[in-house]
Amino acid sequence: MQILSIQSHVAFGYVGNSAAVFPIQRLGHEVWPVLTVNFSNHTGYGAWRGPVVDADQVAGVIAGISERDALSTVSAVLSGYQGDPAVGAVILDSVRRVKALNPRALYCCDPVMGDVGRGMFVREGIPEFMRDEVVPAADVITPNHFELNFLAGVESTNTVEEVLAAVDVVRESGPTNVLVTSVITGDPTHLDLIAVSDEGAWSVTTPLLPISPNGGGDVTAAVYLSHLLSTGSTPTALGRTANTLFAILDRTLRSGRRELELIASQDDIADPPTTYEVTQLR
C-alpha cells in the first residue's frame, strides 16, 4: 500500500519522517515523504540548522505528486508535529483530495502537542487547532496520555476506565480508531498502550523503561498505521506495535545512545516479538 507521510525531516537522528519512513518500508509499504522542515537534527538538542519549508512549497510538492495521477493510489495519509496552522491546512486539504479519489483511504494523525512533565510545547493556538480542526478530520489518532486528556477536555485520567471514557469523548468528535500511548494509571513501574475502535478496546502493559528518546511517538504512529493497513485488526496492530516499540526502546537503553536504535531493531519491526500480550478491556 502507499502512504503519504507529511512530516518534518532531520539529517541526524530519528524524528518525523526520518523516524517513520524506514519502519513503514520495513513492513512492506510504499511511503512518499513530504517534508515540512529540513533540519540538521531535532530541536531537543537545543540548537539546529536548516530551513522550515513554507506551506506553499509543501502544497507544491503534493501538487506535483497529484500531477503524476498518484493520489488516487494513496491508502493512507500520515501526519505528526504541525508547527504552523498554514501547514496543517495543507495537510487537511491533501487528506480531502486523497479521500475524494479513494474514499477508503485513512488519515492517521499523531496530534503532537505536549507531554506529562513538560506541558504544552507547541506554539500558542496549535493545541486548539489540533483539537478543533485536525483531530475531527482524522480516522486514526495516536495521542499520548497527556494529549488525550486535553483532547477530551479533562484535567486527568487516573484509571483505565477514565482513560476509556476520555477516548469515547474524543471518538465522538470524528476519529474511529484511537491509540493512546504512555498511559500510566496505577503501577508507576509499568505503562499501557490502549487502543479503541468500533470493535472494542484492548491494552498491552509493558515495563516502564527509564528512557524517553525523541521520535518514539513518530515510530509508534508509523508502525501502528502500517499494521492496521496490513491486517485490518486493531488488537493485532496494537500488540505488534507495543512489542516492537518496547524492543526498540530496550535496545536503545542498553546501547547508551541518545538516538533510537532504529536500524539495529529492524528485525523487531519486520517480525515483532510476542513478549507482551494483548488484553481485551471491553
# chains A, B, ... in the order shown; residues from 1 in each chain; ligands from 1
$ residues_around --residues "range 205-222 of chain A" --least-positions-apart "5" --cutoff "6 Å" --atoms "only C-alpha atoms" --output "list in words"
Tyr14, Val15, Gly16, Ala19, Ala20, Thr189, His190, Leu191 and Asp192 of chain A
$ write_last_selection --atoms "C-alpha atoms" --output "tab-separated table (two decimals), in the first residue's frame"
chain	number	residue	atom	x	y	z
A	14	TYR	CA	15.18	9.95	14.08
A	15	VAL	CA	12.09	12.14	14.34
A	16	GLY	CA	9.25	12.88	11.95
A	19	ALA	CA	11.66	8.04	12.14
A	20	ALA	CA	8.59	6.95	10.17
A	189	THR	CA	6.83	0.85	37.01
A	190	HIS	CA	4.63	-0.11	34.06
A	191	LEU	CA	2.76	1.66	31.30
A	192	ASP	CA	-0.08	0.73	28.97
$ select_by_dssp --residues "range 106-213 of chain A" --states "helix (DSSP H, G or I)" --output "VMD selection string"
chain A and resid 126 to 137 145 to 152 160 to 172
$ closest_atom_pairs --of "range 124-225 of chain A" --to "range 230-246 of chain A" --cutoff "7 Å" --atoms "only C-alpha atoms" --output "CSV"
residue,atom,partner,partner_atom,distance
A:Leu193,CA,A:Ala242,CA,6.9
A:Ala195,CA,A:Leu238,CA,6.6
A:Ser197,CA,A:Thr234,CA,6.9
A:Trp202,CA,A:Pro235,CA,6.3
A:Val204,CA,A:Gly239,CA,6.7
A:Thr220,CA,A:Thr241,CA,6.6
A:Val223,CA,A:Thr241,CA,6.0
A:Tyr224,CA,A:Thr241,CA,5.6
$ closest_atom_pairs --of "range 133-214 of chain A" --to "range 77-85 of chain A" --cutoff "12 Å" --atoms "only C-alpha atoms" --output "tab-separated table"
residue	atom	partner	partner_atom	distance
A:Glu133	CA	A:Pro85	CA	9.8
A:Val134	CA	A:Pro85	CA	9.8
A:Val135	CA	A:Ser79	CA	11.0
A:Ala137	CA	A:Val77	CA	11.5
A:Ala138	CA	A:Val77	CA	9.5
A:Asp139	CA	A:Val77	CA	10.0
A:Val140	CA	A:Leu78	CA	9.4
A:Ile141	CA	A:Ser79	CA	9.7
A:Thr142	CA	A:Gly80	CA	9.5
A:Pro143	CA	A:Gly80	CA	10.2
$ residues_around --residues "range 162-176 of chain A" --least-positions-apart "4" --cutoff "12 Å" --atoms "only C-alpha atoms" --output "number ranges by chain"
A: 106-111, 130-158, 180-185, 192-203, 234, 281-282
$ atom_distance --atom1 "CA of His29 in chain A" --atom2 "CA of Ala105 in chain A"
14.2 Å
$ select_by_dssp --residues "range 3-247 of chain A" --states "strand (DSSP E or B)" --output "PyMOL selection string"
chain A and resi 3-12+30-41+52+74-79+106-109+114-115+119-120+140-141+144+177-183+190-197+200-207
$ atom_distance --atom1 "CA of Val37 in chain A" --atom2 "CA of Val112 in chain A"
15.3 Å
$ atom_distance --atom1 "CA of Ser255 in chain A" --atom2 "CA of Phe12 in chain A"
17.2 Å
$ closest_residue --among "A:Ala11, A:Val90, A:Ile263, A:Val52" --to "Thr36 in chain A" --atoms "only C-alpha atoms"
A:Val52
$ closest_residue --among "A:Asn38, A:Ser226, A:Gln57, A:Gln25" --to "Ser8 in chain A" --atoms "only C-alpha atoms"
A:Asn38
$ closest_residue --among "A:Ser72, A:Leu179, A:Ala89, A:Arg258" --to "Tyr45 in chain A" --atoms "only C-alpha atoms"
A:Arg258
$ decode --residues "range 190-216 of chain A" --atoms "C-alpha atoms" --output "compact mmCIF listing (two decimals), in the first residue's frame"
# COMPACT_ATOMS: atom_id res chain seq x y z
CA HIS A 190 4.63 -0.11 34.06
CA LEU A 191 2.76 1.66 31.30
CA ASP A 192 -0.08 0.73 28.97
CA LEU A 193 -0.84 1.23 25.33
CA ILE A 194 -4.60 1.30 24.87
CA ALA A 195 -6.39 1.01 21.53
CA VAL A 196 -10.09 1.57 20.94
CA SER A 197 -12.13 1.07 17.77
CA ASP A 198 -15.72 0.21 16.87
CA GLU A 199 -14.89 -3.45 17.57
CA GLY A 200 -13.78 -2.96 21.19
CA ALA A 201 -10.93 -1.83 23.43
CA TRP A 202 -7.61 -3.51 24.20
CA SER A 203 -4.42 -2.82 26.12
CA VAL A 204 -0.83 -4.02 26.33
CA THR A 205 1.19 -3.49 29.52
CA THR A 206 4.98 -3.26 29.40
CA PRO A 207 7.65 -2.27 31.92
CA LEU A 208 8.33 1.46 32.04
CA LEU A 209 11.91 1.91 30.89
CA PRO A 210 13.99 4.86 32.17
CA ILE A 211 14.25 6.36 28.71
CA SER A 212 12.24 8.86 26.69
CA PRO A 213 14.04 9.47 23.39
CA ASN A 214 12.78 11.84 20.73
CA GLY A 215 10.95 10.16 17.88
CA GLY A 216 9.30 7.34 19.80
